[in-house]
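K.L.:
Can you read through this structure? Questions will come right after.
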Amino acid sequence: MKLFKKSLSHELISTAGAVFLVLIGIVIAQRAGYFVQLAAKGVLPNDAINTLLGFNMVKFLPMILSLSIFLAVLLTLTRWHRDSEMVVWFSAGLSIMQWIRPILTFALPVVAVITLLSLQVMPWAIQKGQDYRTQLKSRDELSSITPGVFKESSGGDRVYFIEGFDELGNVVKNIFVQTVQHQKTGVVVAAEGSRKKEANGDNFLVMEKGRRYEGTPNSAEVSTTEFDRYAVRIQTKEAAPEPYTRQAVSTQSLIKDNNPGNNAELQWRLAIPISALILVLLSIPLSFVDPRAGRSLNLIFALLIYIVYNNILSIFQAWVTQGRLNPMIGLWPVHIAFSLLAVYLFYRRNHLLPIIPASISNISRLWERTPSP
């Protein structure tokens, strides 16, 4: 018995770690690709990608952990069924109900971490991510320029192109600035420049040893001016802080401010660890492999239950937010329904699986009665 539990614990931890790393890799690749695409379009500065990616990972971490422990238990017990290790367990007179305790021993610490992340850390990360986006909107035009990409100013009267920055981002190289003033187009090029901030707070792009070309559209007349030092004022934007979304509000504030939207958000945060625990229990009977039905059917059915569970929770959350469902009822009918499903599956497996030891006993008796050649 102890050997089985020890082997189960080691395999659950290793499987959960592998599944967690795979899921983290998928989420990082998806979100990083999205942010890199925004940076390539000039919507997002390059230096903001890592910060926003970090906030996003914290936001998705509770759901990733919940799916990790669900798949870890499911895959581990499925392998035990497939390799007939569960037959040894049941032939020793042990039932499927006795799997609950070792599985909960593995899952409850992770569920506790999910609860902490869902109630405290996730809202903080979303709030900080929104604050950081507001700061990005308040940065000047030069800060939002991506090296090697043409960037139009917010007013549409300037176009910047900078080949590269130094390590600190203060010195720029190979600068191109096009301006439109008094119906004349001016182009300034310089090999090097730097940022400068005056005492009144104005920011300037100071270019050294370059040329300025100025001409009128649809005209062949172009004037050329060489300069040792030329300054262009960089426009700044004052972005007003936007109100926090409900996902960014702390759990304590949701409890104090009692309204349907806050109740729905609070119940959603509680639903993440509760659903993780129920799904782990569901994975025990769902791990049964029927050789006649195929080895992957139970995995497909389990993932379908996971998707349906989360989608129904989202629907009930929307109903609570819209006031169509009493907050006292909230998301609890969904949890109760899937808990009853877990009880039914345990009952069904517990009454079907004792047939296995009897079958083994009958086979052994037939083998003993078979005359040797």
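Residues are named by chain letter and number: chains run A, B, ... in the order of the structure tokens, numbers start at 1 in each chain, and ligands are numbered from 1 in the order shown.
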For Ser339 of chain A, find every residue with an atom within 12 Å (counting only C-alpha atoms), except residues of its own chain fewer than 3 positions away, and show them as number ranges by chain.
P.N.:
A: 274-283, 309, 332-336, 342-346
K.L.:
Fewer than 4 positions away in the same chain doesn't count, so skip those; otherwise give me all residues within 12 Å of segment 314-326 of chain A, counting only C-alpha atoms, as a list in words.
P.N.:
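Within the cut-off, the hits are Arg246, Asn258, Asn259, Pro260, Gly261, Asn262, Asn263, Ala264, Glu265, Leu266, Gln267, Trp268, Arg269, Leu270, Ala271, Ile272, Ile307, Val308, Tyr309, Asn310, Gly330, Leu331, Trp332, Pro333, Val334 and His335 of chain A.
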K.L.:
Once you have the residues from the selection above, write them out as a PDB file, in the first residue's frame, restricted to N, CA and C atoms.
P.N.:
ATOM      1  N   ARG A 246     -13.218  45.548 -13.627  1.00  0.00           N
ATOM      2  CA  ARG A 246     -13.636  44.812 -12.432  1.00  0.00           C
ATOM      3  C   ARG A 246     -12.644  43.698 -12.096  1.00  0.00           C
ATOM      4  N   ASN A 258     -21.067  45.931  -2.610  1.00  0.00           N
ATOM      5  CA  ASN A 258     -21.959  44.828  -2.960  1.00  0.00           C
ATOM      6  C   ASN A 258     -22.871  45.226  -4.116  1.00  0.00           C
ATOM      7  N   ASN A 259     -22.571  44.728  -5.322  1.00  0.00           N
ATOM      8  CA  ASN A 259     -23.440  44.911  -6.482  1.00  0.00           C
ATOM      9  C   ASN A 259     -23.320  43.670  -7.361  1.00  0.00           C
ATOM     10  N   PRO A 260     -24.235  43.476  -8.316  1.00  0.00           N
ATOM     11  CA  PRO A 260     -24.220  42.232  -9.100  1.00  0.00           C
ATOM     12  C   PRO A 260     -22.902  41.967  -9.816  1.00  0.00           C
ATOM     13  N   GLY A 261     -22.296  43.013 -10.401  1.00  0.00           N
ATOM     14  CA  GLY A 261     -21.043  42.807 -11.120  1.00  0.00           C
ATOM     15  C   GLY A 261     -19.921  42.354 -10.204  1.00  0.00           C
ATOM     16  N   ASN A 262     -19.814  42.988  -9.032  1.00  0.00           N
ATOM     17  CA  ASN A 262     -18.769  42.609  -8.079  1.00  0.00           C
ATOM     18  C   ASN A 262     -19.024  41.216  -7.517  1.00  0.00           C
ATOM     19  N   ASN A 263     -20.299  40.885  -7.264  1.00  0.00           N
ATOM     20  CA  ASN A 263     -20.614  39.535  -6.781  1.00  0.00           C
ATOM     21  C   ASN A 263     -20.222  38.474  -7.801  1.00  0.00           C
ATOM     22  N   ALA A 264     -20.482  38.778  -9.071  1.00  0.00           N
ATOM     23  CA  ALA A 264     -20.128  37.818 -10.125  1.00  0.00           C
ATOM     24  C   ALA A 264     -18.617  37.638 -10.214  1.00  0.00           C
ATOM     25  N   GLU A 265     -17.873  38.728 -10.132  1.00  0.00           N
ATOM     26  CA  GLU A 265     -16.409  38.630 -10.192  1.00  0.00           C
ATOM     27  C   GLU A 265     -15.857  37.876  -8.992  1.00  0.00           C
ATOM     28  N   LEU A 266     -16.400  38.143  -7.808  1.00  0.00           N
ATOM     29  CA  LEU A 266     -15.940  37.459  -6.605  1.00  0.00           C
ATOM     30  C   LEU A 266     -16.210  35.958  -6.695  1.00  0.00           C
ATOM     31  N   GLN A 267     -17.398  35.595  -7.181  1.00  0.00           N
ATOM     32  CA  GLN A 267     -17.712  34.173  -7.290  1.00  0.00           C
ATOM     33  C   GLN A 267     -16.867  33.498  -8.371  1.00  0.00           C
ATOM     34  N   TRP A 268     -16.484  34.248  -9.408  1.00  0.00           N
ATOM     35  CA  TRP A 268     -15.602  33.671 -10.427  1.00  0.00           C
ATOM     36  C   TRP A 268     -14.232  33.368  -9.846  1.00  0.00           C
ATOM     37  N   ARG A 269     -13.720  34.283  -9.017  1.00  0.00           N
ATOM     38  CA  ARG A 269     -12.409  34.040  -8.393  1.00  0.00           C
ATOM     39  C   ARG A 269     -12.463  32.841  -7.467  1.00  0.00           C
ATOM     40  N   LEU A 270     -13.572  32.669  -6.751  1.00  0.00           N
ATOM     41  CA  LEU A 270     -13.717  31.497  -5.893  1.00  0.00           C
ATOM     42  C   LEU A 270     -13.926  30.229  -6.716  1.00  0.00           C
ATOM     43  N   ALA A 271     -14.521  30.389  -7.892  1.00  0.00           N
ATOM     44  CA  ALA A 271     -14.822  29.221  -8.722  1.00  0.00           C
ATOM     45  C   ALA A 271     -13.568  28.559  -9.265  1.00  0.00           C
ATOM     46  N   ILE A 272     -12.489  29.326  -9.436  1.00  0.00           N
ATOM     47  CA  ILE A 272     -11.264  28.745 -10.009  1.00  0.00           C
ATOM     48  C   ILE A 272     -10.700  27.643  -9.111  1.00  0.00           C
ATOM     49  N   ILE A 307     -13.947  21.673 -20.589  1.00  0.00           N
ATOM     50  CA  ILE A 307     -14.380  22.818 -21.408  1.00  0.00           C
ATOM     51  C   ILE A 307     -15.815  23.203 -21.071  1.00  0.00           C
ATOM     52  N   VAL A 308     -16.700  22.202 -20.956  1.00  0.00           N
ATOM     53  CA  VAL A 308     -18.102  22.480 -20.647  1.00  0.00           C
ATOM     54  C   VAL A 308     -18.224  23.122 -19.268  1.00  0.00           C
ATOM     55  N   TYR A 309     -17.482  22.620 -18.300  1.00  0.00           N
ATOM     56  CA  TYR A 309     -17.515  23.154 -16.930  1.00  0.00           C
ATOM     57  C   TYR A 309     -17.162  24.641 -16.936  1.00  0.00           C
ATOM     58  N   ASN A 310     -16.057  25.000 -17.560  1.00  0.00           N
ATOM     59  CA  ASN A 310     -15.624  26.400 -17.563  1.00  0.00           C
ATOM     60  C   ASN A 310     -16.566  27.293 -18.363  1.00  0.00           C
ATOM     61  N   GLY A 330     -25.845  32.330  -7.591  1.00  0.00           N
ATOM     62  CA  GLY A 330     -24.554  32.503  -8.231  1.00  0.00           C
ATOM     63  C   GLY A 330     -24.112  31.318  -9.069  1.00  0.00           C
ATOM     64  N   LEU A 331     -22.855  30.931  -8.885  1.00  0.00           N
ATOM     65  CA  LEU A 331     -22.251  29.843  -9.654  1.00  0.00           C
ATOM     66  C   LEU A 331     -22.344  28.497  -8.952  1.00  0.00           C
ATOM     67  N   TRP A 332     -22.999  28.469  -7.790  1.00  0.00           N
ATOM     68  CA  TRP A 332     -23.024  27.239  -6.999  1.00  0.00           C
ATOM     69  C   TRP A 332     -23.778  26.092  -7.678  1.00  0.00           C
ATOM     70  N   PRO A 333     -24.864  26.344  -8.437  1.00  0.00           N
ATOM     71  CA  PRO A 333     -25.507  25.202  -9.116  1.00  0.00           C
ATOM     72  C   PRO A 333     -24.569  24.438 -10.051  1.00  0.00           C
ATOM     73  N   VAL A 334     -23.635  25.146 -10.679  1.00  0.00           N
ATOM     74  CA  VAL A 334     -22.684  24.477 -11.587  1.00  0.00           C
ATOM     75  C   VAL A 334     -21.758  23.567 -10.784  1.00  0.00           C
ATOM     76  N   HIS A 335     -21.236  24.088  -9.677  1.00  0.00           N
ATOM     77  CA  HIS A 335     -20.344  23.265  -8.837  1.00  0.00           C
ATOM     78  C   HIS A 335     -21.084  22.047  -8.291  1.00  0.00           C
TER      79      HIS A 335
END
K.L.:
Between A:Thr185, A:Gln120, A:Asn298, A:Asn50, which has the minimum distance to Ser223 of chain A (counting only C-alpha atoms)?
P.N.:
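When distances to Ser223 of chain A are compared using only C-alpha atoms, the smallest one comes from A:Thr185.
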K.L.:
Smallest atom-to-atom distance to Gly215 of chain A: which of A:Gly129, A:Gly54, A:Gly186, A:Pro285, using only C-alpha atoms?
P.N.:
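Among the listed residues, A:Gly186 lies closest to Gly215 of chain A.
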K.L.:
Taking into account only C-alpha atoms, which residue in the set A:Arg233, A:Lys184, A:Arg133, A:Lys59 is nearest to Phe204 of chain A?
P.N.:
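With only C-alpha atoms as the atom set, the closest residue is A:Arg233.
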K.L.:
Which neighbours of Val232 of chain A fall inside 10 Å, counting only C-alpha atoms, when residues of the same chain fewer than 4 positions from it are skipped, and could you give them as an MDAnalysis selection string?
P.N.:
chainID A and resid 177 179 188 195 203:207
K.L.:
Write to file, as a CSV table (one decimal), in the first residue's frame, the residues of the selection just made, with C-alpha atoms.
P.N.:
chain,number,residue,atom,x,y,z
A,177,VAL,CA,12.8,63.2,-39.4
A,179,THR,CA,8.1,67.4,-40.9
A,188,VAL,CA,16.3,66.2,-41.5
A,195,ARG,CA,17.7,63.3,-26.0
A,203,ASN,CA,12.0,67.1,-24.4
A,204,PHE,CA,14.1,67.6,-27.5
A,205,LEU,CA,15.8,65.4,-30.0
A,206,VAL,CA,19.1,67.1,-30.6
A,207,MET,CA,20.8,66.1,-33.9
K.L.:
Give one line per residue of segment 53-124 of chain A that approaches segment 28-49 of chain A to at most 9 Å, naming the two atoms of the closest pair and their distance in Å to one decimal, counting only C-alpha atoms; sort by chain then ascending residue number and deliver it as a tab-separated table.
P.N.:
residue	atom	partner	partner_atom	distance
A:Leu53	CA	A:Ile49	CA	6.0
A:Gly54	CA	A:Ile49	CA	8.6
A:Asn56	CA	A:Arg31	CA	7.8
A:Met57	CA	A:Ile28	CA	7.4
K.L.:
Grab the residues selected above and save them as a compact mmCIF listing (two decimals), in the first residue's frame with C-alpha atoms.
P.N.:
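Result written to result.txt:
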# COMPACT_ATOMS: atom_id res chain seq x y z
CA LEU A 53 4.24 39.36 -20.73
CA GLY A 54 5.05 38.91 -17.05
CA ASN A 56 -0.14 38.28 -18.40
CA MET A 57 1.52 35.12 -17.14
K.L.:
So what do you get for atom CA of Thr224 of chain A versus atom CA of Val180 of chain A, distance-wise?
P.N.:
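Pair atom CA of Thr224 of chain A / atom CA of Val180 of chain A returns 15.7 Å.
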K.L.:
Could you pull the residues within 10 Å of Arg229 of chain A, counting only C-alpha atoms, minus those fewer than 3 positions along the same chain, as a list in words?
P.N.:
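These residues fall inside the cut-off: Ala190, Gly193, Val206, Met207, Glu208, Lys209, Gly210, Arg211 and Glu226 of chain A.
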